[in-house]
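As stored in target02.txt (compact mmCIF, C-alpha atoms):
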```txt
# COMPACT_ATOMS: atom_id res chain seq x y z
CA MET F 1 -100.95 -65.71 96.16
CA SER F 2 -103.15 -62.66 96.70
CA VAL F 3 -105.44 -61.55 93.89
CA LEU F 4 -106.18 -57.89 93.20
CA ARG F 5 -109.92 -57.37 93.02
CA PRO F 6 -111.33 -54.53 90.88
CA GLN F 7 -112.83 -51.75 93.03
CA ARG F 8 -116.62 -51.70 93.04
CA LEU F 9 -118.10 -48.27 92.45
CA LYS F 10 -121.31 -47.27 94.19
CA PRO F 11 -124.11 -46.51 91.72
CA LEU F 12 -125.13 -42.88 91.48
CA PRO F 13 -128.67 -41.95 92.47
CA LEU F 14 -130.98 -41.97 89.43
CA ILE F 15 -131.32 -38.21 89.24
CA ALA F 16 -127.56 -37.76 89.37
CA ALA F 17 -126.93 -40.54 86.83
CA GLY F 18 -129.38 -38.99 84.43
CA ALA F 19 -127.73 -35.62 84.78
CA VAL F 20 -124.31 -37.07 84.05
CA ILE F 21 -125.59 -38.76 80.89
CA ALA F 22 -127.16 -35.49 79.77
CA GLY F 23 -123.96 -33.59 80.46
CA ILE F 24 -125.55 -31.42 83.16
CA ALA F 25 -123.38 -30.38 86.09
CA LEU F 26 -124.98 -30.92 89.49
CA PRO F 27 -123.86 -29.59 92.86
CA ALA F 28 -122.18 -32.15 95.11
CA SER F 29 -125.07 -31.96 97.56
CA ALA F 30 -127.44 -33.31 94.92
CA ILE F 31 -125.24 -36.34 94.30
CA ALA F 32 -124.64 -37.23 97.96
CA THR F 33 -126.96 -39.83 99.45
CA GLN F 34 -129.35 -38.16 101.88
CA ALA F 35 -129.16 -39.46 105.49
CA PRO F 36 -132.44 -40.72 106.99
CA PRO F 37 -134.15 -38.20 109.28
CA LYS F 38 -133.46 -38.53 112.99
CA PRO F 39 -136.35 -39.50 115.28
CA PRO F 40 -137.77 -36.74 117.48
CA VAL F 41 -135.85 -36.18 120.68
CA ALA F 42 -138.68 -37.56 122.84
CA ALA F 43 -138.40 -40.93 121.10
CA GLN F 44 -134.64 -41.31 121.36
CA GLN F 45 -133.38 -43.85 123.89
CA THR F 46 -129.97 -44.33 125.39
CA ALA F 47 -128.54 -47.47 126.93
CA ASP F 48 -129.54 -46.23 130.37
CA GLY F 49 -133.05 -44.98 129.71
CA PRO F 50 -134.68 -42.02 127.94
CA ASP F 51 -132.56 -38.98 127.17
CA ASP F 52 -132.29 -36.59 130.12
CA TYR F 53 -134.33 -38.78 132.51
CA TYR F 54 -131.47 -38.88 135.02
CA LYS F 55 -129.93 -35.49 134.21
CA ASP F 56 -130.62 -34.13 137.72
CA ALA F 57 -128.71 -37.06 139.24
CA GLU F 58 -125.58 -36.69 137.12
CA GLY F 59 -122.40 -36.14 139.09
CA LYS F 60 -124.01 -36.88 142.46
CA THR F 61 -123.07 -39.58 144.95
CA GLY F 62 -124.25 -40.89 148.31
CA PRO F 63 -127.19 -39.11 150.00
CA GLU F 64 -127.32 -36.44 147.29
CA LEU F 65 -127.70 -39.10 144.59
CA LYS F 66 -130.42 -40.87 146.59
CA LYS F 67 -132.32 -37.61 147.06
CA ALA F 68 -132.08 -36.74 143.36
CA LEU F 69 -133.26 -40.21 142.31
CA HIS F 70 -136.14 -40.04 144.78
CA THR F 71 -137.34 -36.81 143.22
CA ILE F 72 -137.01 -38.18 139.68
CA ILE F 73 -138.81 -41.48 140.21
CA SER F 74 -141.54 -40.01 142.43
CA ASP F 75 -143.01 -38.37 139.33
CA GLN F 76 -145.26 -41.28 138.39
CA THR F 77 -148.77 -42.33 137.51
CA LYS F 78 -150.33 -44.49 140.24
CA LEU F 79 -152.44 -47.57 139.53
CA SER F 80 -155.27 -49.07 141.51
CA TYR F 81 -154.81 -52.57 142.88
CA ASP F 82 -157.34 -53.91 140.34
CA GLU F 83 -155.44 -52.28 137.48
CA VAL F 84 -152.32 -54.18 138.54
CA TRP F 85 -153.84 -57.46 137.29
CA ASP F 86 -153.95 -56.27 133.69
CA ALA F 87 -150.63 -54.44 133.90
CA LEU F 88 -148.77 -57.56 135.02
CA LYS F 89 -150.13 -59.42 132.00
CA VAL F 90 -148.17 -56.93 129.89
CA THR F 91 -145.03 -56.37 131.95
CA ASP F 92 -144.41 -60.06 132.70
CA GLU F 93 -145.52 -61.58 129.41
CA ASP F 94 -143.61 -64.68 128.37
CA PRO F 95 -141.42 -63.64 125.38
CA GLN F 96 -142.01 -67.11 123.88
CA ASN F 97 -145.78 -67.20 124.43
CA SER F 98 -147.85 -64.03 124.41
CA SER F 99 -150.75 -65.83 126.11
CA ASN F 100 -148.69 -66.48 129.25
CA VAL F 101 -146.84 -64.68 132.01
CA ILE F 102 -143.62 -65.80 133.73
CA LEU F 103 -144.01 -66.45 137.46
CA LEU F 104 -141.28 -64.90 139.60
CA TYR F 105 -140.15 -67.66 141.95
CA THR F 106 -141.00 -70.80 139.97
CA GLY F 107 -140.06 -69.41 136.55
CA ARG F 108 -143.13 -71.21 135.21
CA SER F 109 -144.90 -69.92 132.12
CA GLN F 110 -148.60 -69.84 132.87
CA SER F 111 -151.78 -68.59 131.20
CA LYS F 112 -152.52 -64.92 131.77
CA ASP F 113 -156.13 -65.90 132.41
CA SER F 114 -155.26 -68.20 135.34
CA ASN F 115 -154.89 -65.38 137.84
CA GLY F 116 -156.92 -65.82 141.02
CA THR F 117 -156.88 -67.48 144.41
CA GLY F 118 -156.76 -71.19 143.56
CA ASN F 119 -153.73 -73.27 144.50
CA ASP F 120 -152.52 -73.47 140.92
CA ASP F 121 -153.43 -69.88 140.02
CA TRP F 122 -151.07 -66.90 140.05
CA ASN F 123 -151.52 -63.79 142.11
CA ARG F 124 -149.78 -60.48 142.85
CA GLU F 125 -146.63 -60.90 144.90
CA HIS F 126 -145.42 -57.86 146.85
CA VAL F 127 -141.67 -58.38 146.73
CA TRP F 128 -141.36 -55.71 149.42
CA ALA F 129 -143.82 -57.46 151.71
CA LYS F 130 -146.74 -55.09 152.32
CA SER F 131 -146.69 -55.74 156.07
CA HIS F 132 -143.18 -54.25 156.27
CA GLY F 133 -144.43 -50.71 156.83
CA ASP F 134 -148.07 -51.82 156.98
CA PHE F 135 -149.07 -50.11 153.71
CA GLY F 136 -151.27 -52.96 152.52
CA THR F 137 -152.65 -52.57 149.00
CA ALA F 138 -152.96 -48.79 149.20
CA THR F 139 -152.46 -46.93 145.93
CA GLY F 140 -148.78 -46.09 146.03
CA PRO F 141 -146.37 -48.65 147.52
CA GLY F 142 -149.13 -51.27 147.59
CA THR F 143 -149.69 -50.98 143.83
CA ASP F 144 -146.24 -50.07 142.54
CA LEU F 145 -145.45 -52.29 139.56
CA HIS F 146 -141.74 -52.01 140.14
CA HIS F 147 -142.04 -54.52 143.02
CA LEU F 148 -145.20 -56.44 142.08
CA ARG F 149 -144.74 -59.67 140.15
CA PRO F 150 -146.89 -62.67 139.20
CA ALA F 151 -146.29 -65.61 141.55
CA ASP F 152 -147.78 -69.03 142.18
CA VAL F 153 -150.44 -68.66 144.89
CA THR F 154 -149.11 -71.29 147.26
CA VAL F 155 -145.47 -70.32 146.72
CA ASN F 156 -146.41 -66.72 147.44
CA SER F 157 -148.06 -67.90 150.64
CA THR F 158 -144.94 -69.86 151.62
CA ARG F 159 -142.76 -66.81 151.12
CA ASN F 160 -145.33 -64.80 153.13
CA ASN F 161 -143.64 -61.63 154.49
CA LYS F 162 -140.18 -63.09 155.07
CA ASP F 163 -137.07 -61.01 154.60
CA PHE F 164 -134.46 -62.02 152.03
CA ASP F 165 -131.34 -63.95 153.01
CA GLU F 166 -129.43 -67.06 152.05
CA GLY F 167 -130.06 -70.56 153.34
CA GLY F 168 -132.88 -72.77 154.53
CA GLN F 169 -134.63 -75.77 153.00
CA GLU F 170 -135.40 -75.98 149.29
CA VAL F 171 -139.03 -75.14 148.51
CA GLU F 172 -140.61 -78.28 147.08
CA GLU F 173 -143.02 -76.45 144.79
CA ALA F 174 -140.36 -73.97 143.63
CA PRO F 175 -136.99 -75.74 143.24
CA GLY F 176 -134.04 -73.37 143.48
CA ASN F 177 -135.75 -71.27 146.16
CA TYR F 178 -134.89 -71.79 149.85
CA THR F 179 -136.62 -70.75 153.03
CA ASP F 180 -136.44 -70.98 156.81
CA GLU F 181 -138.50 -69.46 159.62
CA ASP F 182 -137.58 -65.84 158.88
CA SER F 183 -136.04 -65.56 155.40
CA TRP F 184 -136.44 -66.42 151.71
CA GLU F 185 -133.79 -67.03 149.09
CA PRO F 186 -135.09 -66.77 145.49
CA ARG F 187 -133.74 -68.81 142.60
CA ASP F 188 -130.47 -67.61 141.09
CA GLU F 189 -132.09 -66.33 137.89
CA VAL F 190 -134.05 -63.61 139.74
CA LYS F 191 -131.83 -62.82 142.72
CA GLY F 192 -130.73 -59.55 141.13
CA ASP F 193 -134.29 -58.69 140.10
CA VAL F 194 -135.46 -59.10 143.69
CA ALA F 195 -132.58 -57.01 145.03
CA ARG F 196 -133.16 -54.13 142.62
CA MET F 197 -136.90 -54.11 143.36
CA ILE F 198 -136.20 -53.80 147.09
CA LEU F 199 -133.59 -51.09 146.58
CA TYR F 200 -135.97 -49.17 144.31
CA MET F 201 -138.62 -49.17 147.03
CA GLY F 202 -136.12 -47.80 149.55
CA VAL F 203 -135.44 -44.81 147.29
CA ARG F 204 -138.97 -44.22 146.00
CA TYR F 205 -140.79 -44.25 149.36
CA ASP F 206 -138.95 -41.86 151.61
CA GLY F 207 -141.67 -40.86 154.07
CA ASP F 208 -142.67 -37.63 152.32
CA ASP F 209 -145.98 -38.68 150.74
CA ASP F 210 -148.07 -40.03 153.64
CA PHE F 211 -146.44 -43.45 153.36
CA PRO F 212 -143.77 -44.98 155.63
CA ASP F 213 -140.10 -44.28 155.03
CA LEU F 214 -139.09 -47.65 153.61
CA GLU F 215 -135.46 -48.56 154.16
CA PRO F 216 -133.68 -51.90 153.66
CA ASN F 217 -131.44 -52.91 156.56
CA ASP F 218 -129.03 -55.73 157.34
CA LYS F 219 -131.40 -57.73 159.55
CA VAL F 220 -134.13 -60.31 159.07
CA ASP F 221 -137.38 -60.82 160.98
CA ASN F 222 -138.24 -57.11 160.66
CA GLY F 223 -141.94 -57.70 161.31
CA LYS F 224 -144.13 -54.63 160.65
CA ALA F 225 -141.26 -52.16 160.80
CA PRO F 226 -140.74 -50.30 157.46
CA HIS F 227 -137.54 -52.27 156.83
CA ILE F 228 -136.55 -55.39 154.96
CA GLY F 229 -133.26 -57.26 154.80
CA ARG F 230 -130.70 -58.44 154.42
CA LEU F 231 -129.10 -55.45 152.67
CA SER F 232 -125.59 -56.88 152.37
CA VAL F 233 -127.00 -60.01 150.71
CA LEU F 234 -129.24 -58.01 148.38
CA LYS F 235 -126.29 -55.94 147.22
CA GLU F 236 -124.34 -59.10 146.48
CA TRP F 237 -127.28 -60.57 144.57
CA SER F 238 -127.53 -57.45 142.44
CA LYS F 239 -123.87 -57.85 141.54
CA GLN F 240 -124.10 -61.59 140.85
CA ASP F 241 -127.23 -61.33 138.69
CA PRO F 242 -127.08 -58.17 136.52
CA PRO F 243 -130.17 -56.93 134.63
CA ASP F 244 -131.15 -59.20 131.74
CA ASP F 245 -133.30 -58.44 128.70
CA PHE F 246 -136.53 -59.47 130.44
CA GLU F 247 -135.91 -57.14 133.37
CA LYS F 248 -134.88 -54.25 131.12
CA LYS F 249 -137.93 -54.65 128.90
CA ARG F 250 -140.15 -54.77 131.98
CA ASN F 251 -138.64 -51.49 133.18
CA ASP F 252 -139.30 -49.95 129.77
CA LEU F 253 -142.94 -51.13 129.70
CA ILE F 254 -143.67 -49.75 133.15
CA PHE F 255 -142.21 -46.44 132.05
CA GLU F 256 -143.87 -46.27 128.64
CA LYS F 257 -147.32 -47.74 129.33
CA PHE F 258 -148.17 -47.50 133.02
CA GLN F 259 -146.35 -45.54 135.72
CA HIS F 260 -144.01 -43.43 133.58
CA ASN F 261 -141.16 -43.84 136.06
CA ARG F 262 -138.16 -46.15 136.08
CA ASN F 263 -136.10 -48.31 138.40
CA PRO F 264 -132.71 -46.55 138.37
CA PHE F 265 -130.87 -49.66 139.58
CA ILE F 266 -131.84 -51.50 136.39
CA ASP F 267 -130.59 -48.64 134.22
CA HIS F 268 -127.53 -48.00 136.42
CA PRO F 269 -126.59 -51.07 138.50
CA GLU F 270 -123.43 -49.25 139.57
CA TRP F 271 -125.60 -46.87 141.61
CA VAL F 272 -126.38 -49.64 144.11
CA ASN F 273 -123.08 -49.07 145.90
CA GLU F 274 -123.35 -45.30 145.48
CA VAL F 275 -126.72 -45.13 147.25
CA TYR F 276 -126.37 -48.06 149.68
```
Before we go any further, please render this structure as structure tokens.
Amino acid sequence: MSVLRPQRLKPLPLIAAGAVIAGIALPASAIATQAPPKPPVAAQQTADGPDDYYKDAEGKTGPELKKALHTIISDQTKLSYDEVWDALKVTDEDPQNSSNVILLYTGRSQSKDSNGTGNDDWNREHVWAKSHGDFGTATGPGTDLHHLRPADVTVNSTRNNKDFDEGGQEVEEAPGNYTDEDSWEPRDEVKGDVARMILYMGVRYDGDDDFPDLEPNDKVDNGKAPHIGRLSVLKEWSKQDPPDDFEKKRNDLIFEKFQHNRNPFIDHPEWVNEVY
């Protein structure tokens, strides 16, 4: 049997309650609860990045979308290669341990202070291998945080400058990763991360700022050409492994604290097929 419950009345604000007791009539606006002030426009965020960041790309597709995104994300602050060390300690911090960073291929949580050249240290992995276009560690593509990640030194060496593809033998020091003579397959948890980093680089570096025109293609063993593959596999990885909280927060930190630009394929994964 249902039971009728008496309706609970919201208490009046003190000033209004006092006025009622005193028999003073107040305007309705004085009795209504005041809404909290809105944050300034610059601080407001949407689900796909800061307000208006992508406004010049809205409604565009194909080459026009790629061109618009290139212009948007090329407005950035550039870091030196030394500054990358400290930046990675912020962008890749372990959410469960603020003293550590998460290594890309192994997934290992490791002390921020253990960066270096020793076998068990971590170093700066260029996900778009710096020899693909021969840009080295030059300020620009060589120091762009959107494709630089902490990685175990020896695992980084094993990956070397290989393109990305499926197959090969499992990497003993990094289970879940596979490699052969010309390609590298990262663990499932970061397949999408790797894909979106590569696709970002192909949009950001378009040959108009004294750097090579980087462009992913559907081949492997690209050598020093400004290409990296395999594009069809990377697109599938981006679909299989959508952006997670760690990747989204990393994108936000790069934007807010360091380069002040974003990876559009993290904010809008659907743009992968529009651009590529």
Show me, as a PyMOL selection string, the residues that have an atom within 10 Å of range 206-208 of chain F when counting only C-alpha atoms, minus same-chain residues fewer than 5 positions from it. chain F and resi 66-67+70-71+74+201+213-215
Could you write out that same residue set with C-alpha atoms as a PDB file, in the coordinates of the input?
```pdb
ATOM      1  CA  LYS F  66    -130.420 -40.870 146.590  1.00  0.00           C
ATOM      2  CA  LYS F  67    -132.320 -37.610 147.060  1.00  0.00           C
ATOM      3  CA  HIS F  70    -136.140 -40.040 144.780  1.00  0.00           C
ATOM      4  CA  THR F  71    -137.340 -36.810 143.220  1.00  0.00           C
ATOM      5  CA  SER F  74    -141.540 -40.010 142.430  1.00  0.00           C
ATOM      6  CA  MET F 201    -138.620 -49.170 147.030  1.00  0.00           C
ATOM      7  CA  ASP F 213    -140.100 -44.280 155.030  1.00  0.00           C
ATOM      8  CA  LEU F 214    -139.090 -47.650 153.610  1.00  0.00           C
ATOM      9  CA  GLU F 215    -135.460 -48.560 154.160  1.00  0.00           C
TER      10      GLU F 215
END
```
Which one of F:Ile254, F:Ala151, F:Val275, F:Leu234 sits closest to Thr91 in chain F if you count all atoms listed in the file?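 For Thr91 in chain F, the nearest of the candidates is F:Ile254.
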Enter the distance from CA of Phe258 in chain F to CA of Val84 in chain F, in Å, rounded to one decimal.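 These two atoms are separated by 9.6 Å.
Our summary of the geometry notes that CA of Gly59 in chain F is positioned 29.6 Å from CA of Pro226 in chain F.
Nearest residue to Pro175 in chain F among F:Asp163, F:Glu93, F:Glu189, F:Asp245 is F:Glu189, counting all atoms listed in the file.
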Would you fill out range 54-65 of chain F with all heavy atoms and return it as an mmCIF file, in the coordinates of the input?
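Full text of rebuild-v3.cif as output:
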```
data_model
loop_
_atom_site.group_PDB
_atom_site.id
_atom_site.type_symbol
_atom_site.label_atom_id
_atom_site.label_comp_id
_atom_site.auth_asym_id
_atom_site.auth_seq_id
_atom_site.Cartn_x
_atom_site.Cartn_y
_atom_site.Cartn_z
ATOM 1 N N TYR F 54 -132.277 -38.934 133.800
ATOM 2 C CA TYR F 54 -131.470 -38.880 135.020
ATOM 3 C C TYR F 54 -130.558 -37.654 135.075
ATOM 4 O O TYR F 54 -129.608 -37.624 135.862
ATOM 5 C CB TYR F 54 -130.609 -40.147 135.128
ATOM 6 C CG TYR F 54 -131.403 -41.424 135.297
ATOM 7 C CD1 TYR F 54 -131.431 -42.387 134.293
ATOM 8 C CD2 TYR F 54 -132.127 -41.678 136.468
ATOM 9 C CE1 TYR F 54 -132.152 -43.563 134.448
ATOM 10 C CE2 TYR F 54 -132.852 -42.847 136.626
ATOM 11 C CZ TYR F 54 -132.861 -43.785 135.609
ATOM 12 O OH TYR F 54 -133.577 -44.954 135.772
ATOM 13 N N LYS F 55 -130.852 -36.626 134.290
ATOM 14 C CA LYS F 55 -129.930 -35.490 134.210
ATOM 15 C C LYS F 55 -129.725 -34.812 135.563
ATOM 16 O O LYS F 55 -128.633 -34.320 135.857
ATOM 17 C CB LYS F 55 -130.406 -34.474 133.172
ATOM 18 C CG LYS F 55 -131.747 -33.827 133.441
ATOM 19 C CD LYS F 55 -132.132 -32.881 132.308
ATOM 20 C CE LYS F 55 -133.525 -32.306 132.506
ATOM 21 N NZ LYS F 55 -133.655 -31.514 133.741
ATOM 22 N N ASP F 56 -130.758 -34.795 136.418
ATOM 23 C CA ASP F 56 -130.620 -34.130 137.720
ATOM 24 C C ASP F 56 -129.835 -34.969 138.728
ATOM 25 O O ASP F 56 -129.563 -34.494 139.836
ATOM 26 C CB ASP F 56 -131.998 -33.792 138.293
ATOM 27 C CG ASP F 56 -132.710 -32.714 137.487
ATOM 28 O OD1 ASP F 56 -132.010 -31.939 136.809
ATOM 29 O OD2 ASP F 56 -133.954 -32.647 137.527
ATOM 30 N N ALA F 57 -129.507 -36.200 138.349
ATOM 31 C CA ALA F 57 -128.710 -37.060 139.240
ATOM 32 C C ALA F 57 -127.258 -37.133 138.807
ATOM 33 O O ALA F 57 -126.426 -37.673 139.545
ATOM 34 C CB ALA F 57 -129.305 -38.472 139.263
ATOM 35 N N GLU F 58 -126.935 -36.590 137.653
ATOM 36 C CA GLU F 58 -125.580 -36.690 137.120
ATOM 37 C C GLU F 58 -124.575 -36.017 138.042
ATOM 38 O O GLU F 58 -124.799 -34.912 138.535
ATOM 39 C CB GLU F 58 -125.514 -36.076 135.721
ATOM 40 C CG GLU F 58 -126.297 -36.864 134.676
ATOM 41 C CD GLU F 58 -126.293 -36.182 133.317
ATOM 42 O OE1 GLU F 58 -125.676 -35.092 133.211
ATOM 43 O OE2 GLU F 58 -126.914 -36.716 132.389
ATOM 44 N N GLY F 59 -123.467 -36.697 138.288
ATOM 45 C CA GLY F 59 -122.400 -36.140 139.090
ATOM 46 C C GLY F 59 -122.593 -36.239 140.585
ATOM 47 O O GLY F 59 -121.724 -35.828 141.353
ATOM 48 N N LYS F 60 -123.727 -36.794 141.025
ATOM 49 C CA LYS F 60 -124.010 -36.880 142.460
ATOM 50 C C LYS F 60 -123.648 -38.264 142.993
ATOM 51 O O LYS F 60 -123.654 -39.250 142.258
ATOM 52 C CB LYS F 60 -125.487 -36.574 142.736
ATOM 53 C CG LYS F 60 -125.890 -35.138 142.429
ATOM 54 C CD LYS F 60 -127.362 -34.902 142.764
ATOM 55 C CE LYS F 60 -127.732 -33.418 142.691
ATOM 56 N NZ LYS F 60 -127.593 -32.882 141.333
ATOM 57 N N THR F 61 -123.366 -38.320 144.287
ATOM 58 C CA THR F 61 -123.070 -39.580 144.950
ATOM 59 C C THR F 61 -123.729 -39.586 146.324
ATOM 60 O O THR F 61 -124.181 -38.545 146.819
ATOM 61 C CB THR F 61 -121.553 -39.794 145.130
ATOM 62 O OG1 THR F 61 -121.014 -38.702 145.903
ATOM 63 C CG2 THR F 61 -120.842 -39.858 143.788
ATOM 64 N N GLY F 62 -123.776 -40.771 146.936
ATOM 65 C CA GLY F 62 -124.250 -40.890 148.310
ATOM 66 C C GLY F 62 -125.639 -40.319 148.533
ATOM 67 O O GLY F 62 -126.534 -40.464 147.689
ATOM 68 N N PRO F 63 -125.870 -39.651 149.662
ATOM 69 C CA PRO F 63 -127.190 -39.110 150.000
ATOM 70 C C PRO F 63 -127.737 -38.141 148.950
ATOM 71 O O PRO F 63 -128.941 -38.101 148.716
ATOM 72 C CB PRO F 63 -126.959 -38.406 151.340
ATOM 73 C CG PRO F 63 -125.783 -39.104 151.936
ATOM 74 C CD PRO F 63 -124.906 -39.476 150.777
ATOM 75 N N GLU F 64 -126.851 -37.367 148.321
ATOM 76 C CA GLU F 64 -127.320 -36.440 147.290
ATOM 77 C C GLU F 64 -127.867 -37.192 146.077
ATOM 78 O O GLU F 64 -128.856 -36.782 145.483
ATOM 79 C CB GLU F 64 -126.173 -35.513 146.858
ATOM 80 C CG GLU F 64 -125.816 -34.450 147.892
ATOM 81 C CD GLU F 64 -124.844 -33.432 147.333
ATOM 82 O OE1 GLU F 64 -124.381 -33.613 146.183
ATOM 83 O OE2 GLU F 64 -124.558 -32.457 148.045
ATOM 84 N N LEU F 65 -127.216 -38.288 145.705
ATOM 85 C CA LEU F 65 -127.700 -39.100 144.590
ATOM 86 C C LEU F 65 -129.044 -39.724 144.963
ATOM 87 O O LEU F 65 -129.988 -39.720 144.150
ATOM 88 C CB LEU F 65 -126.691 -40.193 144.249
ATOM 89 C CG LEU F 65 -127.128 -41.193 143.171
ATOM 90 C CD1 LEU F 65 -127.449 -40.497 141.862
ATOM 91 C CD2 LEU F 65 -126.047 -42.261 142.961
#
```
